[in-house]
Amino acid sequence: MVFCVDKHDGFSVVAFDFPGGVLTPNLLATCAPPQVALDQGIVLSGRGPIWLFCYLAHHFHPAKWVATHDPRLGGAVVVQAHTPDVFVGQVVPLPQ
């Protein structure tokens, strides 16, 4: 699993890729998400199974908010928040 972090104003995009075939759940035992600032939002981006997104959302739970990138919406959907600045279901625009 390869991670890439892009920092933006108020949030970081944590993108992931698996350039080695099919993802299997045993990957979670060795998955090492990157360290990012948790006093801001986190956007998860990549192609993967729902269990991987759930794992990463749980891992980054202490962050100010967590969202998942949805290219069809042109942004990221907030799935959890610990701040009144954003709300669950809000689409946060992403830079092009």
# chains A, B, ... in the order shown; residues from 1 in each chain; ligands from 1
$ select_by_dssp --residues "chain A" --states "alpha helix (DSSP H)" --output "PyMOL selection string"
chain A and resi 50-59
$ write_last_selection --atoms "N, CA and C atoms" --output "CSV table (one decimal), in the first residue's frame"
chain,number,residue,atom,x,y,z
A,50,ILE,N,-14.7,-1.1,0.6
A,50,ILE,CA,-15.3,-0.3,1.7
A,50,ILE,C,-14.6,-0.6,3.0
A,51,TRP,N,-14.2,-1.9,3.2
A,51,TRP,CA,-13.5,-2.2,4.5
A,51,TRP,C,-12.2,-1.4,4.6
A,52,LEU,N,-11.6,-1.0,3.5
A,52,LEU,CA,-10.3,-0.2,3.6
A,52,LEU,C,-10.7,1.2,4.0
A,53,PHE,N,-11.8,1.8,3.4
A,53,PHE,CA,-12.2,3.1,3.8
A,53,PHE,C,-12.6,3.2,5.2
A,54,CYS,N,-13.3,2.1,5.7
A,54,CYS,CA,-13.8,2.1,7.1
A,54,CYS,C,-12.6,2.0,8.0
A,55,TYR,N,-11.6,1.2,7.7
A,55,TYR,CA,-10.3,1.2,8.5
A,55,TYR,C,-9.7,2.5,8.6
A,56,LEU,N,-9.5,3.2,7.4
A,56,LEU,CA,-8.9,4.5,7.4
A,56,LEU,C,-9.7,5.6,8.1
A,57,ALA,N,-11.0,5.6,7.9
A,57,ALA,CA,-11.8,6.5,8.7
A,57,ALA,C,-11.7,6.3,10.2
A,58,HIS,N,-11.7,5.1,10.6
A,58,HIS,CA,-11.5,4.8,12.0
A,58,HIS,C,-10.1,5.3,12.5
A,59,HIS,N,-9.1,5.0,11.7
A,59,HIS,CA,-7.7,5.4,12.0
A,59,HIS,C,-7.6,6.9,12.2
$ residues_around --residues "stretch 4-17 of chain A" --least-positions-apart "6" --cutoff "9 Å" --atoms "only C-alpha atoms" --output "ChimeraX atom specification"
/A:33-34,36-37,39-48,64-65,69,95
$ atom_distance --atom1 "atom CA of A:Pro71" --atom2 "atom CA of A:Gly21"
22.8 Å
$ closest_residue --among "A:Val66, A:Val92, A:Val2, A:Ala81" --to "A:Pro19" --atoms "only C-alpha atoms"
A:Val2
$ closest_residue --among "A:Val79, A:Ala63, A:Met1, A:Val88" --to "A:Gln35" --atoms "only C-alpha atoms"
A:Ala63
$ select_by_dssp --residues "chain A" --states "strand (DSSP E or B)" --output "ChimeraX atom specification"
/A:2-8,11-17,41-45,65-70,75-81,91-93
$ atom_distance --atom1 "atom CA of A:Leu38" --atom2 "atom CA of A:His82"
10.9 Å
$ residues_around --residues "A:Asp70" --least-positions-apart "6" --cutoff "9 Å" --atoms "only C-alpha atoms" --output "number ranges by chain"
A: 45, 76-77, 91
$ atom_distance --atom1 "atom CA of A:Pro49" --atom2 "atom CA of A:Leu23"
7.9 Å
$ closest_residue --among "A:Gly75, A:Ala67, A:Thr30, A:Gln80" --to "A:Gln96" --atoms "only C-alpha atoms"
A:Gly75
$ closest_residue --among "A:Gly74, A:Ala32, A:Val86, A:Pro93" --to "A:Phe60" --atoms "only C-alpha atoms"
A:Ala32
